[in-house]
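Pasted below: entry.cif, mmCIF, N, CA and C atoms.
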data_entry
loop_
_atom_site.group_PDB
_atom_site.id
_atom_site.type_symbol
_atom_site.label_atom_id
_atom_site.label_comp_id
_atom_site.auth_asym_id
_atom_site.auth_seq_id
_atom_site.Cartn_x
_atom_site.Cartn_y
_atom_site.Cartn_z
ATOM 1 N N LEU A 1 -208.446 -42.083 -110.776
ATOM 2 C CA LEU A 1 -208.981 -41.138 -111.741
ATOM 3 C C LEU A 1 -207.880 -40.262 -112.323
ATOM 4 N N ASN A 2 -206.838 -40.029 -111.543
ATOM 5 C CA ASN A 2 -205.713 -39.259 -112.091
ATOM 6 C C ASN A 2 -205.054 -40.011 -113.239
ATOM 7 N N ASN A 3 -204.945 -41.320 -113.129
ATOM 8 C CA ASN A 3 -204.358 -42.121 -114.205
ATOM 9 C C ASN A 3 -205.202 -42.059 -115.473
ATOM 10 N N LEU A 4 -206.499 -41.919 -115.317
ATOM 11 C CA LEU A 4 -207.401 -41.813 -116.469
ATOM 12 C C LEU A 4 -207.522 -40.367 -116.970
ATOM 13 N N LYS A 5 -206.902 -39.439 -116.251
ATOM 14 C CA LYS A 5 -206.979 -38.004 -116.572
ATOM 15 C C LYS A 5 -208.431 -37.527 -116.600
ATOM 16 N N VAL A 6 -209.137 -37.884 -115.542
ATOM 17 C CA VAL A 6 -210.558 -37.547 -115.411
ATOM 18 C C VAL A 6 -210.714 -36.558 -114.260
ATOM 19 N N SER A 7 -211.482 -35.510 -114.486
ATOM 20 C CA SER A 7 -211.706 -34.540 -113.421
ATOM 21 C C SER A 7 -213.154 -34.549 -112.924
ATOM 22 N N LYS A 8 -214.097 -34.760 -113.812
ATOM 23 C CA LYS A 8 -215.519 -34.742 -113.454
ATOM 24 C C LYS A 8 -216.120 -36.061 -113.920
ATOM 25 N N ALA A 9 -216.485 -36.929 -112.962
ATOM 26 C CA ALA A 9 -216.888 -38.281 -113.350
ATOM 27 C C ALA A 9 -218.074 -38.784 -112.548
ATOM 28 N N LEU A 10 -218.821 -39.650 -113.201
ATOM 29 C CA LEU A 10 -219.898 -40.408 -112.572
ATOM 30 C C LEU A 10 -219.428 -41.852 -112.508
ATOM 31 N N VAL A 11 -219.398 -42.414 -111.310
ATOM 32 C CA VAL A 11 -218.966 -43.801 -111.116
ATOM 33 C C VAL A 11 -220.215 -44.634 -110.880
ATOM 34 N N VAL A 12 -220.471 -45.585 -111.774
ATOM 35 C CA VAL A 12 -221.672 -46.425 -111.689
ATOM 36 C C VAL A 12 -221.277 -47.785 -111.135
ATOM 37 N N LEU A 13 -221.957 -48.186 -110.061
ATOM 38 C CA LEU A 13 -221.687 -49.449 -109.388
ATOM 39 C C LEU A 13 -222.905 -50.367 -109.479
ATOM 40 N N GLU A 14 -222.633 -51.678 -109.458
ATOM 41 C CA GLU A 14 -223.741 -52.633 -109.496
ATOM 42 C C GLU A 14 -224.437 -52.698 -108.135
ATOM 43 N N ASP A 15 -223.663 -52.838 -107.086
ATOM 44 C CA ASP A 15 -224.189 -52.947 -105.724
ATOM 45 C C ASP A 15 -223.567 -51.873 -104.845
ATOM 46 N N LYS A 16 -224.176 -51.658 -103.696
ATOM 47 C CA LYS A 16 -223.657 -50.665 -102.758
ATOM 48 C C LYS A 16 -222.255 -51.070 -102.309
ATOM 49 N N ASN A 17 -221.318 -50.122 -102.395
ATOM 50 C CA ASN A 17 -219.941 -50.352 -101.983
ATOM 51 C C ASN A 17 -219.521 -49.147 -101.150
ATOM 52 N N VAL A 18 -219.531 -49.315 -99.846
ATOM 53 C CA VAL A 18 -219.290 -48.218 -98.924
ATOM 54 C C VAL A 18 -217.898 -47.631 -99.114
ATOM 55 N N VAL A 19 -216.910 -48.461 -99.362
ATOM 56 C CA VAL A 19 -215.537 -47.984 -99.521
ATOM 57 C C VAL A 19 -215.420 -47.062 -100.739
ATOM 58 N N VAL A 20 -215.985 -47.471 -101.855
ATOM 59 C CA VAL A 20 -215.924 -46.655 -103.070
ATOM 60 C C VAL A 20 -216.723 -45.366 -102.878
ATOM 61 N N GLU A 21 -217.875 -45.460 -102.259
ATOM 62 C CA GLU A 21 -218.714 -44.280 -102.057
ATOM 63 C C GLU A 21 -218.026 -43.253 -101.157
ATOM 64 N N LYS A 22 -217.379 -43.711 -100.071
ATOM 65 C CA LYS A 22 -216.673 -42.789 -99.185
ATOM 66 C C LYS A 22 -215.460 -42.183 -99.883
ATOM 67 N N SER A 23 -214.763 -42.977 -100.669
ATOM 68 C CA SER A 23 -213.603 -42.470 -101.395
ATOM 69 C C SER A 23 -214.019 -41.421 -102.416
ATOM 70 N N ALA A 24 -215.083 -41.678 -103.137
ATOM 71 C CA ALA A 24 -215.556 -40.738 -104.150
ATOM 72 C C ALA A 24 -216.086 -39.456 -103.511
ATOM 73 N N ALA A 25 -216.616 -39.563 -102.315
ATOM 74 C CA ALA A 25 -217.138 -38.375 -101.631
ATOM 75 C C ALA A 25 -216.021 -37.384 -101.313
ATOM 76 N N ASN A 26 -214.788 -37.880 -101.199
ATOM 77 C CA ASN A 26 -213.654 -37.007 -100.900
ATOM 78 C C ASN A 26 -213.084 -36.330 -102.140
ATOM 79 N N VAL A 27 -213.529 -36.730 -103.308
ATOM 80 C CA VAL A 27 -213.019 -36.169 -104.558
ATOM 81 C C VAL A 27 -214.066 -35.205 -105.116
ATOM 82 N N PRO A 28 -213.673 -33.945 -105.343
ATOM 83 C CA PRO A 28 -214.642 -32.999 -105.900
ATOM 84 C C PRO A 28 -215.073 -33.397 -107.311
ATOM 85 N N ASP A 29 -216.304 -33.142 -107.651
ATOM 86 C CA ASP A 29 -216.867 -33.408 -108.981
ATOM 87 C C ASP A 29 -216.912 -34.887 -109.341
ATOM 88 N N VAL A 30 -216.995 -35.757 -108.336
ATOM 89 C CA VAL A 30 -217.166 -37.189 -108.585
ATOM 90 C C VAL A 30 -218.387 -37.648 -107.810
ATOM 91 N N LYS A 31 -219.263 -38.383 -108.504
ATOM 92 C CA LYS A 31 -220.488 -38.879 -107.885
ATOM 93 C C LYS A 31 -220.587 -40.373 -108.142
ATOM 94 N N THR A 32 -221.087 -41.101 -107.170
ATOM 95 C CA THR A 32 -221.336 -42.523 -107.363
ATOM 96 C C THR A 32 -222.839 -42.743 -107.486
ATOM 97 N N ALA A 33 -223.193 -43.762 -108.253
ATOM 98 C CA ALA A 33 -224.597 -44.104 -108.435
ATOM 99 C C ALA A 33 -224.711 -45.596 -108.655
ATOM 100 N N LEU A 34 -225.817 -46.150 -108.237
ATOM 101 C CA LEU A 34 -226.092 -47.558 -108.497
ATOM 102 C C LEU A 34 -226.781 -47.677 -109.852
ATOM 103 N N VAL A 35 -226.707 -48.863 -110.431
ATOM 104 C CA VAL A 35 -227.287 -49.090 -111.759
ATOM 105 C C VAL A 35 -228.754 -48.687 -111.799
ATOM 106 N N ASN A 36 -229.498 -49.015 -110.762
ATOM 107 C CA ASN A 36 -230.930 -48.733 -110.778
ATOM 108 C C ASN A 36 -231.269 -47.272 -110.461
ATOM 109 N N THR A 37 -230.250 -46.433 -110.177
ATOM 110 C CA THR A 37 -230.530 -45.036 -109.868
ATOM 111 C C THR A 37 -229.939 -44.063 -110.890
ATOM 112 N N ILE A 38 -229.269 -44.563 -111.913
ATOM 113 C CA ILE A 38 -228.691 -43.643 -112.899
ATOM 114 C C ILE A 38 -229.804 -43.026 -113.738
ATOM 115 N N ASN A 39 -229.567 -41.799 -114.173
ATOM 116 C CA ASN A 39 -230.548 -41.126 -115.013
ATOM 117 C C ASN A 39 -229.832 -40.320 -116.094
ATOM 118 N N VAL A 40 -230.574 -39.869 -117.054
ATOM 119 C CA VAL A 40 -230.005 -39.160 -118.201
ATOM 120 C C VAL A 40 -229.330 -37.867 -117.754
ATOM 121 N N TYR A 41 -229.910 -37.166 -116.804
ATOM 122 C CA TYR A 41 -229.328 -35.910 -116.330
ATOM 123 C C TYR A 41 -227.913 -36.133 -115.807
ATOM 124 N N ASP A 42 -227.723 -37.150 -114.962
ATOM 125 C CA ASP A 42 -226.396 -37.428 -114.410
ATOM 126 C C ASP A 42 -225.413 -37.831 -115.501
ATOM 127 N N ILE A 43 -225.852 -38.631 -116.444
ATOM 128 C CA ILE A 43 -224.962 -39.068 -117.525
ATOM 129 C C ILE A 43 -224.492 -37.867 -118.344
ATOM 130 N N LEU A 44 -225.384 -36.927 -118.611
ATOM 131 C CA LEU A 44 -225.020 -35.753 -119.396
ATOM 132 C C LEU A 44 -224.226 -34.724 -118.588
ATOM 133 N N LYS A 45 -224.438 -34.685 -117.288
ATOM 134 C CA LYS A 45 -223.792 -33.695 -116.428
ATOM 135 C C LYS A 45 -222.290 -33.956 -116.280
ATOM 136 N N TYR A 46 -221.895 -35.211 -116.241
ATOM 137 C CA TYR A 46 -220.497 -35.561 -116.008
ATOM 138 C C TYR A 46 -219.776 -35.844 -117.315
ATOM 139 N N ASP A 47 -218.515 -35.393 -117.400
ATOM 140 C CA ASP A 47 -217.721 -35.570 -118.610
ATOM 141 C C ASP A 47 -217.391 -37.030 -118.878
ATOM 142 N N THR A 48 -217.191 -37.799 -117.816
ATOM 143 C CA THR A 48 -216.789 -39.197 -117.946
ATOM 144 C C THR A 48 -217.688 -40.071 -117.089
ATOM 145 N N VAL A 49 -218.045 -41.232 -117.617
ATOM 146 C CA VAL A 49 -218.808 -42.220 -116.859
ATOM 147 C C VAL A 49 -217.923 -43.447 -116.701
ATOM 148 N N VAL A 50 -217.616 -43.781 -115.447
ATOM 149 C CA VAL A 50 -216.801 -44.957 -115.134
ATOM 150 C C VAL A 50 -217.763 -46.027 -114.636
ATOM 151 N N VAL A 51 -217.771 -47.180 -115.315
ATOM 152 C CA VAL A 51 -218.727 -48.237 -114.996
ATOM 153 C C VAL A 51 -217.957 -49.528 -114.750
ATOM 154 N N THR A 52 -218.297 -50.214 -113.657
ATOM 155 C CA THR A 52 -217.663 -51.501 -113.403
ATOM 156 C C THR A 52 -218.204 -52.539 -114.386
ATOM 157 N N LYS A 53 -217.438 -53.604 -114.567
ATOM 158 C CA LYS A 53 -217.844 -54.657 -115.500
ATOM 159 C C LYS A 53 -219.171 -55.285 -115.073
ATOM 160 N N ALA A 54 -219.321 -55.513 -113.781
ATOM 161 C CA ALA A 54 -220.568 -56.092 -113.265
ATOM 162 C C ALA A 54 -221.745 -55.145 -113.497
ATOM 163 N N ALA A 55 -221.509 -53.847 -113.381
ATOM 164 C CA ALA A 55 -222.577 -52.875 -113.612
ATOM 165 C C ALA A 55 -222.990 -52.851 -115.077
ATOM 166 N N VAL A 56 -222.029 -52.996 -115.987
ATOM 167 C CA VAL A 56 -222.353 -53.036 -117.418
ATOM 168 C C VAL A 56 -223.261 -54.230 -117.713
ATOM 169 N N GLU A 57 -222.949 -55.376 -117.137
ATOM 170 C CA GLU A 57 -223.777 -56.568 -117.361
ATOM 171 C C GLU A 57 -225.193 -56.356 -116.819
ATOM 172 N N LYS A 58 -225.302 -55.724 -115.657
ATOM 173 C CA LYS A 58 -226.629 -55.468 -115.076
ATOM 174 C C LYS A 58 -227.389 -54.425 -115.905
ATOM 175 N N ILE A 59 -226.686 -53.420 -116.426
ATOM 176 C CA ILE A 59 -227.333 -52.420 -117.294
ATOM 177 C C ILE A 59 -227.892 -53.098 -118.537
ATOM 178 N N GLN A 60 -227.124 -54.017 -119.104
ATOM 179 C CA GLN A 60 -227.581 -54.740 -120.293
ATOM 180 C C GLN A 60 -228.831 -55.557 -119.985
ATOM 181 N N GLU A 61 -228.884 -56.179 -118.810
ATOM 182 C CA GLU A 61 -230.050 -56.969 -118.422
ATOM 183 C C GLU A 61 -231.283 -56.079 -118.238
ATOM 184 N N VAL A 62 -231.088 -54.957 -117.545
ATOM 185 C CA VAL A 62 -232.220 -54.110 -117.184
ATOM 186 C C VAL A 62 -232.724 -53.278 -118.344
ATOM 187 N N TYR A 63 -231.807 -52.657 -119.099
ATOM 188 C CA TYR A 63 -232.208 -51.685 -120.109
ATOM 189 C C TYR A 63 -232.208 -52.197 -121.530
ATOM 190 N N ALA A 64 -231.738 -53.422 -121.761
ATOM 191 C CA ALA A 64 -231.679 -53.941 -123.134
ATOM 192 C C ALA A 64 -233.003 -54.555 -123.555
#

Would you mind writing the file out in structure tokens?
Amino acid sequence: LNNLKVSKALVVLEDKNVVVEKSAANVPDVKTALVNTINVYDILKYDTVVVTKAAVEKIQEVYA
């Protein structure tokens, strides 16, 4: 996230990933969410939304 110059971010994952979730828990103002649990409030609350490629494909399937 430092390389992206991001301070407050929502990380959207396709499937549960314990390593990413534990890593994000150690960073202030970073939250992880699964595709099926994201909501408008979280998207608006965070300055940046980081989405994996697999999560984008699943979002397109579910919400398109």

**Distance query Val30 of chain A at most 8 Å, all atoms listed in the file, self and fewer than 4 positions along chain excluded, as a PyMOL selection string** = chain A and resi 7-11+23-26

**Request:** Apply the PyMOL selection byres (((chain A and resi 40-55 and name CA) around 10) and name CA) to the displayed file and report the matching residues as JSON, numbers by chain.
**Result:** {"A": [1, 4, 5, 6, 7, 8, 9, 10, 11, 12, 13, 14, 15, 29, 30, 31, 32, 33, 34, 35, 36, 37, 38, 39, 56, 57, 58, 59, 60, 61]}

Coordinates of box centre and edge lengths for segment 16-35 of chain A, 3 Å on every side, axis-aligned, as AutoDock Vina command-line options:
--center_x -220.9 --center_y -42.3 --center_z -105.4 --size_x 21.7 --size_y 24.7 --size_z 18.9

**Message:** Can you tell me, as an MDAnalysis selection string, which residues in chain A count as strand (DSSP E) by DSSP?
**Reply:** chainID A and resid 9:13 30:34 48:51

For N, CA and C atoms, I'd like the residues from the last selection saved as a PDB file, keeping the file's coordinate frame.
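Output (out09.pdb):
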ATOM      1  N   ALA A   9    -216.485 -36.929-112.962  1.00  0.00           N
ATOM      2  CA  ALA A   9    -216.888 -38.281-113.350  1.00  0.00           C
ATOM      3  C   ALA A   9    -218.074 -38.784-112.548  1.00  0.00           C
ATOM      4  N   LEU A  10    -218.821 -39.650-113.201  1.00  0.00           N
ATOM      5  CA  LEU A  10    -219.898 -40.408-112.572  1.00  0.00           C
ATOM      6  C   LEU A  10    -219.428 -41.852-112.508  1.00  0.00           C
ATOM      7  N   VAL A  11    -219.398 -42.414-111.310  1.00  0.00           N
ATOM      8  CA  VAL A  11    -218.966 -43.801-111.116  1.00  0.00           C
ATOM      9  C   VAL A  11    -220.215 -44.634-110.880  1.00  0.00           C
ATOM     10  N   VAL A  12    -220.471 -45.585-111.774  1.00  0.00           N
ATOM     11  CA  VAL A  12    -221.672 -46.425-111.689  1.00  0.00           C
ATOM     12  C   VAL A  12    -221.277 -47.785-111.135  1.00  0.00           C
ATOM     13  N   LEU A  13    -221.957 -48.186-110.061  1.00  0.00           N
ATOM     14  CA  LEU A  13    -221.687 -49.449-109.388  1.00  0.00           C
ATOM     15  C   LEU A  13    -222.905 -50.367-109.479  1.00  0.00           C
ATOM     16  N   VAL A  30    -216.995 -35.757-108.336  1.00  0.00           N
ATOM     17  CA  VAL A  30    -217.166 -37.189-108.585  1.00  0.00           C
ATOM     18  C   VAL A  30    -218.387 -37.648-107.810  1.00  0.00           C
ATOM     19  N   LYS A  31    -219.263 -38.383-108.504  1.00  0.00           N
ATOM     20  CA  LYS A  31    -220.488 -38.879-107.885  1.00  0.00           C
ATOM     21  C   LYS A  31    -220.587 -40.373-108.142  1.00  0.00           C
ATOM     22  N   THR A  32    -221.087 -41.101-107.170  1.00  0.00           N
ATOM     23  CA  THR A  32    -221.336 -42.523-107.363  1.00  0.00           C
ATOM     24  C   THR A  32    -222.839 -42.743-107.486  1.00  0.00           C
ATOM     25  N   ALA A  33    -223.193 -43.762-108.253  1.00  0.00           N
ATOM     26  CA  ALA A  33    -224.597 -44.104-108.435  1.00  0.00           C
ATOM     27  C   ALA A  33    -224.711 -45.596-108.655  1.00  0.00           C
ATOM     28  N   LEU A  34    -225.817 -46.150-108.237  1.00  0.00           N
ATOM     29  CA  LEU A  34    -226.092 -47.558-108.497  1.00  0.00           C
ATOM     30  C   LEU A  34    -226.781 -47.677-109.852  1.00  0.00           C
ATOM     31  N   THR A  48    -217.191 -37.799-117.816  1.00  0.00           N
ATOM     32  CA  THR A  48    -216.789 -39.197-117.946  1.00  0.00           C
ATOM     33  C   THR A  48    -217.688 -40.071-117.089  1.00  0.00           C
ATOM     34  N   VAL A  49    -218.045 -41.232-117.617  1.00  0.00           N
ATOM     35  CA  VAL A  49    -218.808 -42.220-116.859  1.00  0.00           C
ATOM     36  C   VAL A  49    -217.923 -43.447-116.701  1.00  0.00           C
ATOM     37  N   VAL A  50    -217.616 -43.781-115.447  1.00  0.00           N
ATOM     38  CA  VAL A  50    -216.801 -44.957-115.134  1.00  0.00           C
ATOM     39  C   VAL A  50    -217.763 -46.027-114.636  1.00  0.00           C
ATOM     40  N   VAL A  51    -217.771 -47.180-115.315  1.00  0.00           N
ATOM     41  CA  VAL A  51    -218.727 -48.237-114.996  1.00  0.00           C
ATOM     42  C   VAL A  51    -217.957 -49.528-114.750  1.00  0.00           C
TER      43      VAL A  51
END

**Separation of atom C of Asn2 of chain A from atom C of Val20 of chain A in Å** =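 Between atom C of Val20 of chain A and atom C of Asn2 of chain A the gap is 16.5 Å.
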
As a PDB file, in the frame of the given file, could you write out segment 16-34 of chain A once it has been completed with N, CA, C and O atoms?
ATOM      1  N   LYS A  16    -224.176 -51.658-103.696  1.00  0.00           N
ATOM      2  CA  LYS A  16    -223.657 -50.665-102.758  1.00  0.00           C
ATOM      3  C   LYS A  16    -222.255 -51.070-102.309  1.00  0.00           C
ATOM      4  O   LYS A  16    -222.016 -52.208-101.931  1.00  0.00           O
ATOM      5  N   ASN A  17    -221.318 -50.122-102.395  1.00  0.00           N
ATOM      6  CA  ASN A  17    -219.941 -50.352-101.983  1.00  0.00           C
ATOM      7  C   ASN A  17    -219.521 -49.147-101.150  1.00  0.00           C
ATOM      8  O   ASN A  17    -219.204 -48.089-101.686  1.00  0.00           O
ATOM      9  N   VAL A  18    -219.531 -49.315 -99.846  1.00  0.00           N
ATOM     10  CA  VAL A  18    -219.290 -48.218 -98.924  1.00  0.00           C
ATOM     11  C   VAL A  18    -217.898 -47.631 -99.114  1.00  0.00           C
ATOM     12  O   VAL A  18    -217.722 -46.406 -99.069  1.00  0.00           O
ATOM     13  N   VAL A  19    -216.910 -48.461 -99.362  1.00  0.00           N
ATOM     14  CA  VAL A  19    -215.537 -47.984 -99.521  1.00  0.00           C
ATOM     15  C   VAL A  19    -215.420 -47.062-100.739  1.00  0.00           C
ATOM     16  O   VAL A  19    -214.850 -45.971-100.654  1.00  0.00           O
ATOM     17  N   VAL A  20    -215.985 -47.471-101.855  1.00  0.00           N
ATOM     18  CA  VAL A  20    -215.924 -46.655-103.070  1.00  0.00           C
ATOM     19  C   VAL A  20    -216.723 -45.366-102.878  1.00  0.00           C
ATOM     20  O   VAL A  20    -216.280 -44.285-103.277  1.00  0.00           O
ATOM     21  N   GLU A  21    -217.875 -45.460-102.259  1.00  0.00           N
ATOM     22  CA  GLU A  21    -218.714 -44.280-102.057  1.00  0.00           C
ATOM     23  C   GLU A  21    -218.026 -43.253-101.157  1.00  0.00           C
ATOM     24  O   GLU A  21    -218.057 -42.057-101.437  1.00  0.00           O
ATOM     25  N   LYS A  22    -217.379 -43.711-100.071  1.00  0.00           N
ATOM     26  CA  LYS A  22    -216.673 -42.789 -99.185  1.00  0.00           C
ATOM     27  C   LYS A  22    -215.460 -42.183 -99.883  1.00  0.00           C
ATOM     28  O   LYS A  22    -215.164 -41.005 -99.713  1.00  0.00           O
ATOM     29  N   SER A  23    -214.763 -42.977-100.669  1.00  0.00           N
ATOM     30  CA  SER A  23    -213.603 -42.470-101.395  1.00  0.00           C
ATOM     31  C   SER A  23    -214.019 -41.421-102.416  1.00  0.00           C
ATOM     32  O   SER A  23    -213.375 -40.376-102.551  1.00  0.00           O
ATOM     33  N   ALA A  24    -215.083 -41.678-103.137  1.00  0.00           N
ATOM     34  CA  ALA A  24    -215.556 -40.738-104.150  1.00  0.00           C
ATOM     35  C   ALA A  24    -216.086 -39.456-103.511  1.00  0.00           C
ATOM     36  O   ALA A  24    -215.995 -38.385-104.106  1.00  0.00           O
ATOM     37  N   ALA A  25    -216.616 -39.563-102.315  1.00  0.00           N
ATOM     38  CA  ALA A  25    -217.138 -38.375-101.631  1.00  0.00           C
ATOM     39  C   ALA A  25    -216.021 -37.384-101.313  1.00  0.00           C
ATOM     40  O   ALA A  25    -216.269 -36.187-101.190  1.00  0.00           O
ATOM     41  N   ASN A  26    -214.788 -37.880-101.199  1.00  0.00           N
ATOM     42  CA  ASN A  26    -213.654 -37.007-100.900  1.00  0.00           C
ATOM     43  C   ASN A  26    -213.084 -36.330-102.140  1.00  0.00           C
ATOM     44  O   ASN A  26    -212.223 -35.465-102.022  1.00  0.00           O
ATOM     45  N   VAL A  27    -213.529 -36.730-103.308  1.00  0.00           N
ATOM     46  CA  VAL A  27    -213.019 -36.169-104.558  1.00  0.00           C
ATOM     47  C   VAL A  27    -214.066 -35.205-105.116  1.00  0.00           C
ATOM     48  O   VAL A  27    -215.210 -35.594-105.344  1.00  0.00           O
ATOM     49  N   PRO A  28    -213.673 -33.945-105.343  1.00  0.00           N
ATOM     50  CA  PRO A  28    -214.642 -32.999-105.900  1.00  0.00           C
ATOM     51  C   PRO A  28    -215.073 -33.397-107.311  1.00  0.00           C
ATOM     52  O   PRO A  28    -214.285 -33.950-108.069  1.00  0.00           O
ATOM     53  N   ASP A  29    -216.304 -33.142-107.651  1.00  0.00           N
ATOM     54  CA  ASP A  29    -216.867 -33.408-108.981  1.00  0.00           C
ATOM     55  C   ASP A  29    -216.912 -34.887-109.341  1.00  0.00           C
ATOM     56  O   ASP A  29    -216.859 -35.241-110.517  1.00  0.00           O
ATOM     57  N   VAL A  30    -216.995 -35.757-108.336  1.00  0.00           N
ATOM     58  CA  VAL A  30    -217.166 -37.189-108.585  1.00  0.00           C
ATOM     59  C   VAL A  30    -218.387 -37.648-107.810  1.00  0.00           C
ATOM     60  O   VAL A  30    -218.545 -37.342-106.629  1.00  0.00           O
ATOM     61  N   LYS A  31    -219.263 -38.383-108.504  1.00  0.00           N
ATOM     62  CA  LYS A  31    -220.488 -38.879-107.885  1.00  0.00           C
ATOM     63  C   LYS A  31    -220.587 -40.373-108.142  1.00  0.00           C
ATOM     64  O   LYS A  31    -220.216 -40.851-109.203  1.00  0.00           O
ATOM     65  N   THR A  32    -221.087 -41.101-107.170  1.00  0.00           N
ATOM     66  CA  THR A  32    -221.336 -42.523-107.363  1.00  0.00           C
ATOM     67  C   THR A  32    -222.839 -42.743-107.486  1.00  0.00           C
ATOM     68  O   THR A  32    -223.633 -42.004-106.914  1.00  0.00           O
ATOM     69  N   ALA A  33    -223.193 -43.762-108.253  1.00  0.00           N
ATOM     70  CA  ALA A  33    -224.597 -44.104-108.435  1.00  0.00           C
ATOM     71  C   ALA A  33    -224.711 -45.596-108.655  1.00  0.00           C
ATOM     72  O   ALA A  33    -223.802 -46.221-109.201  1.00  0.00           O
ATOM     73  N   LEU A  34    -225.817 -46.150-108.237  1.00  0.00           N
ATOM     74  CA  LEU A  34    -226.092 -47.558-108.497  1.00  0.00           C
ATOM     75  C   LEU A  34    -226.781 -47.677-109.852  1.00  0.00           C
ATOM     76  O   LEU A  34    -227.372 -46.713-110.345  1.00  0.00           O
TER      77      LEU A  34
END
